[in-house]
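Report on the following structure.
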Amino acid sequence: MNLIKQTIYGFLAVIAAVGIWVFYVPSAAPFLERAGVYDVLGLEPPEVSSAGGQGRGFGGGAAQVVTAEAREGQSNDRVSAIGDGRAVRSVTVRSEATGMIRQLAVAPGSYVEQDALLAQLDDDAQRIALERARLLVVDASTDLDRLRQLGASGAVSEVQIRAAELALRTAELEVEQAQFELQQRRITAPIAGWTGILEVEQGDRISAQDTIAVIADRSSIEIDFRVPERFIGALSIGMAMEVTPLARPDTLLAGEIVALDNVVDRASRTLRVQGRLDNEDDNLRAGQAFSVVLSFPGDTLPSVDPLAIQWSGDGSYVWVAREGAAVRVPVTIRQRNSDSVLIEGDVTPGDAVIIEGLQSLRPGAAIEIVAGSSAQADGSGDAVARNDR
């Protein structure tokens, strides 16, 4: 008795499975009919549609779909690179003399104007040398005046007068040398900008070429990055670039290219490029890492709604409404945007591309374009533009 019940339940389960298959997969009906499944189960084959029996929607009628008109778009080749930022001008200030720092006139991280005093070295010996040189000038000048007066009466020779003139000129040079050495004890800023952390303190004894401070003019930030050599022909001075600090991925900045190198690196086959960012709000620092994106205009391609893209084992494809039926068109995706996808394939701008009702479609399926589409079928069954989606 149990065996009979199991047989009956199994038979009913097979009938239910076939019914569900036929209902949700209309293209299965011809296959089941040819295999004789309907005869074995005592069922009547469902009626086929005029589109060949494999293109019906749920319930056997034409599939209701929503379409969107294919448009024309332009692809953008994009190059992304990581670059290092540096101040538009940066100077390392070093001492030209040896001595003790008597006065440190700048604070770490402060802004200084050009020619502002940074540090004053002890200069007592240089001031004494300057006064001595000035006295020698006075003495040499007095001797020269006396000899010129005697020379008018013939008491001294021309050679003596020339020697006195040479002595005066030598004394004057001694004054200039003393002034130069005194000036070297005063260390000033060669440019306006921001100082970093100082490595010296007041009272330190420093030697010649010791670093006093690094001054950076960061009113603009320059970014060095590299671009593949195949894009060299598309690069130009003044070209716009999008920049994002890696430490602040939610910040998008606009910059431009200011310099192109003249040699391609043989190892990486890339060209060094230099861009520039305004930094008026002083939020950026030299040494930061930046993501740089360059966009280049590309080819003109058909543009479809992202909902239209379907996938199979053979790749991507779309459904296009043509002559009242669904046509499956293989496509190659060239670029994804936020609201569209650029493709290559047998799709032209103006085609009615199906974006809703895709689950019930088969090649050659009869379709009915419903309200909300950007194209409707006319009296002859051709899809014509109706409204923009």
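Each chain in the structure tokens gets a letter, A, B, ..., in the order shown, and its residues are numbered from 1; ligands are numbered from 1 in order too.
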
Taking a cut-off of 9 Å and counting only C-alpha atoms, can you build a table that, for each residue of region 77-176 of chain A near region 223-243 of chain A, reports the nearest atom pair and how far apart they are in Å (one decimal), sorted by chain then residue number, as a Markdown table?
```
| residue | atom | partner | partner_atom | distance |
| --- | --- | --- | --- | --- |
| A:Val79 | CA | A:Val227 | CA | 7.4 |
| A:Ser80 | CA | A:Val227 | CA | 8.3 |
| A:Ala81 | CA | A:Phe225 | CA | 6.4 |
| A:Ile82 | CA | A:Phe225 | CA | 6.2 |
| A:Gly83 | CA | A:Phe225 | CA | 4.4 |
| A:Asp84 | CA | A:Ile223 | CA | 5.4 |
| A:Gly85 | CA | A:Ile223 | CA | 4.4 |
| A:Arg86 | CA | A:Ile223 | CA | 6.4 |
| A:Ala87 | CA | A:Ile223 | CA | 8.9 |
```

Write to file, as an mmCIF file, in the first residue's frame, the residues of the selection just made, with N, CA and C atoms.
```cif
data_model
loop_
_atom_site.group_PDB
_atom_site.id
_atom_site.type_symbol
_atom_site.label_atom_id
_atom_site.label_comp_id
_atom_site.auth_asym_id
_atom_site.auth_seq_id
_atom_site.Cartn_x
_atom_site.Cartn_y
_atom_site.Cartn_z
ATOM 1 N N VAL A 79 43.721 58.071 -16.698
ATOM 2 C CA VAL A 79 45.001 57.617 -16.167
ATOM 3 C C VAL A 79 45.068 58.012 -14.701
ATOM 4 N N SER A 80 45.325 57.042 -13.858
ATOM 5 C CA SER A 80 45.479 57.306 -12.424
ATOM 6 C C SER A 80 46.929 57.069 -12.033
ATOM 7 N N ALA A 81 47.441 57.940 -11.192
ATOM 8 C CA ALA A 81 48.825 57.824 -10.735
ATOM 9 C C ALA A 81 48.923 58.362 -9.316
ATOM 10 N N ILE A 82 49.942 57.920 -8.615
ATOM 11 C CA ILE A 82 50.231 58.409 -7.265
ATOM 12 C C ILE A 82 51.439 59.341 -7.365
ATOM 13 N N GLY A 83 51.294 60.542 -6.832
ATOM 14 C CA GLY A 83 52.362 61.525 -6.898
ATOM 15 C C GLY A 83 52.728 62.062 -5.527
ATOM 16 N N ASP A 84 53.911 62.621 -5.447
ATOM 17 C CA ASP A 84 54.400 63.239 -4.216
ATOM 18 C C ASP A 84 54.304 64.756 -4.338
ATOM 19 N N GLY A 85 53.809 65.393 -3.281
ATOM 20 C CA GLY A 85 53.683 66.845 -3.273
ATOM 21 C C GLY A 85 54.907 67.518 -2.679
ATOM 22 N N ARG A 86 55.191 68.706 -3.171
ATOM 23 C CA ARG A 86 56.267 69.524 -2.609
ATOM 24 C C ARG A 86 55.887 70.988 -2.765
ATOM 25 N N ALA A 87 56.468 71.810 -1.925
ATOM 26 C CA ALA A 87 56.177 73.245 -1.975
ATOM 27 C C ALA A 87 56.673 73.833 -3.291
#
```

Residues near Ser90 (chain A), anyone? I mean within 7 Å using only C-alpha atoms, not counting same-chain ones fewer than 6 positions away, as a PyMOL selection string. chain A and resi 215-217

For each of A:Leu117, A:Thr67, A:Ala352, A:Gly73, take the minimum atom-to-atom distance to Leu307 (chain A), counting only C-alpha atoms, then give the residue where this is smallest. A:Thr67

Which neighbours of region 334-339 of chain A fall inside 7 Å, counting only C-alpha atoms, when residues of the same chain fewer than 6 positions from it are skipped, and could you give them as a ChimeraX atom specification? /A:75,305-306

Would you list, as a count of residues only, the residues of region 302-379 of chain A that end up in strand (DSSP E or B) under DSSP run on this structure's backbone? 43

Residue nearest Leu342 (chain A) - candidates A:Ala171, A:Ala107, A:Ala17, A:Ala70, atoms counted: only C-alpha atoms: A:Ala70

Per-residue nearest contacts of region 189-273 of chain A to region 98-106 of chain A (6 Å; only C-alpha atoms) as a Markdown table:
```
| residue | atom | partner | partner_atom | distance |
| --- | --- | --- | --- | --- |
| A:Gln202 | CA | A:Ile101 | CA | 5.3 |
| A:Gly203 | CA | A:Ile101 | CA | 5.0 |
| A:Asp204 | CA | A:Ile101 | CA | 5.6 |
| A:Arg205 | CA | A:Met100 | CA | 4.1 |
| A:Ile206 | CA | A:Gly99 | CA | 5.7 |
| A:Ser207 | CA | A:Thr98 | CA | 4.3 |
| A:Ala208 | CA | A:Thr98 | CA | 5.2 |
```

Gln310 (chain A): which residues within 10 Å, counting only C-alpha atoms, same-chain residues fewer than 6 positions away excluded, as a PyMOL selection string? chain A and resi 316-319+328+330-331+355+358

Grab the residues selected above and save them as a CSV table (one decimal), in the first residue's frame with N, CA and C atoms.
```csv
chain,number,residue,atom,x,y,z
A,316,SER,N,28.7,39.6,-22.0
A,316,SER,CA,27.6,40.6,-21.8
A,316,SER,C,26.7,40.7,-23.1
A,317,TYR,N,25.5,41.1,-22.8
A,317,TYR,CA,24.6,41.3,-24.0
A,317,TYR,C,23.4,42.2,-23.5
A,318,VAL,N,22.6,42.7,-24.5
A,318,VAL,CA,21.4,43.5,-24.2
A,318,VAL,C,20.3,42.9,-25.1
A,319,TRP,N,19.1,43.3,-24.7
A,319,TRP,CA,17.9,42.9,-25.5
A,319,TRP,C,17.4,44.2,-26.2
A,328,ARG,N,18.4,39.5,-29.0
A,328,ARG,CA,19.6,39.4,-28.1
A,328,ARG,C,20.8,39.9,-28.9
A,330,PRO,N,24.9,40.6,-28.5
A,330,PRO,CA,26.1,40.6,-27.7
A,330,PRO,C,26.8,42.0,-27.8
A,331,VAL,N,27.3,42.4,-26.7
A,331,VAL,CA,28.0,43.7,-26.6
A,331,VAL,C,29.3,43.6,-25.8
A,355,ILE,N,14.9,47.4,-20.7
A,355,ILE,CA,15.5,47.5,-19.4
A,355,ILE,C,14.7,46.9,-18.3
A,358,LEU,N,13.0,41.6,-18.3
A,358,LEU,CA,14.1,40.8,-19.0
A,358,LEU,C,14.0,39.3,-18.7
```

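Minimum atom-to-atom distances from A:Asn283, A:Ser95, A:Gln177, A:Gln114 to Ala192 (chain A) were compared using only C-alpha atoms, and the lowest value belongs to A:Gln114.
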
Expressed in Å, the length from CA of Pro108 (chain A) to CA of Ile197 (chain A) is 4.9 Å

Show me, as a ChimeraX atom specification, the residues that have an atom within 9 Å of Val93 (chain A) when counting only C-alpha atoms, minus same-chain residues fewer than 3 positions from it. /A:187-190,209-215

Might you pull out every residue within 7 Å of Ser219 (chain A), with only C-alpha atoms counted and same-chain residues fewer than 3 positions away left off, and present them as a ChimeraX atom specification? /A:278-280,282

Could you save the residues just selected, with C-alpha atoms, as a CSV table (one decimal), in the first residue's frame?
```csv
chain,number,residue,atom,x,y,z
A,278,ASP,CA,46.5,76.1,-5.3
A,279,ASN,CA,46.9,76.0,-1.5
A,280,GLU,CA,45.5,79.3,-0.4
A,282,ASP,CA,47.1,76.1,3.6
```

Identify, on the basis of only C-alpha atoms, every residue whose closest approach to Gln74 (chain A) does not exceed 9 Å; exclude the query and any residue fewer than 4 positions from it along the same chain; express the result as a ChimeraX atom specification. /A:297-303,342

Members of region 231-384 of chain A assigned helix (DSSP H, G or I) by DSSP, as an MDAnalysis selection string: chainID A and resid 231:234 306:308 358:360

Preceding selection exported with C-alpha atoms as a JSON list (two decimals), in the first residue's frame:
```json
[["chain", "number", "residue", "atom", "x", "y", "z"],
["A", 231, "PHE", "CA", 49.54, 59.11, -23.49],
["A", 232, "ILE", "CA", 52.42, 61.49, -24.25],
["A", 233, "GLY", "CA", 50.74, 62.88, -27.37],
["A", 234, "ALA", "CA", 47.62, 63.82, -25.37],
["A", 306, "PRO", "CA", 22.90, 50.12, -16.78],
["A", 307, "LEU", "CA", 19.75, 48.01, -16.21],
["A", 308, "ALA", "CA", 19.94, 46.79, -19.81],
["A", 358, "LEU", "CA", 14.08, 40.82, -19.00],
["A", 359, "GLN", "CA", 13.42, 37.61, -17.04],
["A", 360, "SER", "CA", 10.79, 36.29, -19.48]]
```

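As for CA of Val263 (chain A) and CA of Ser295 (chain A), they are spaced 22.2 Å apart.
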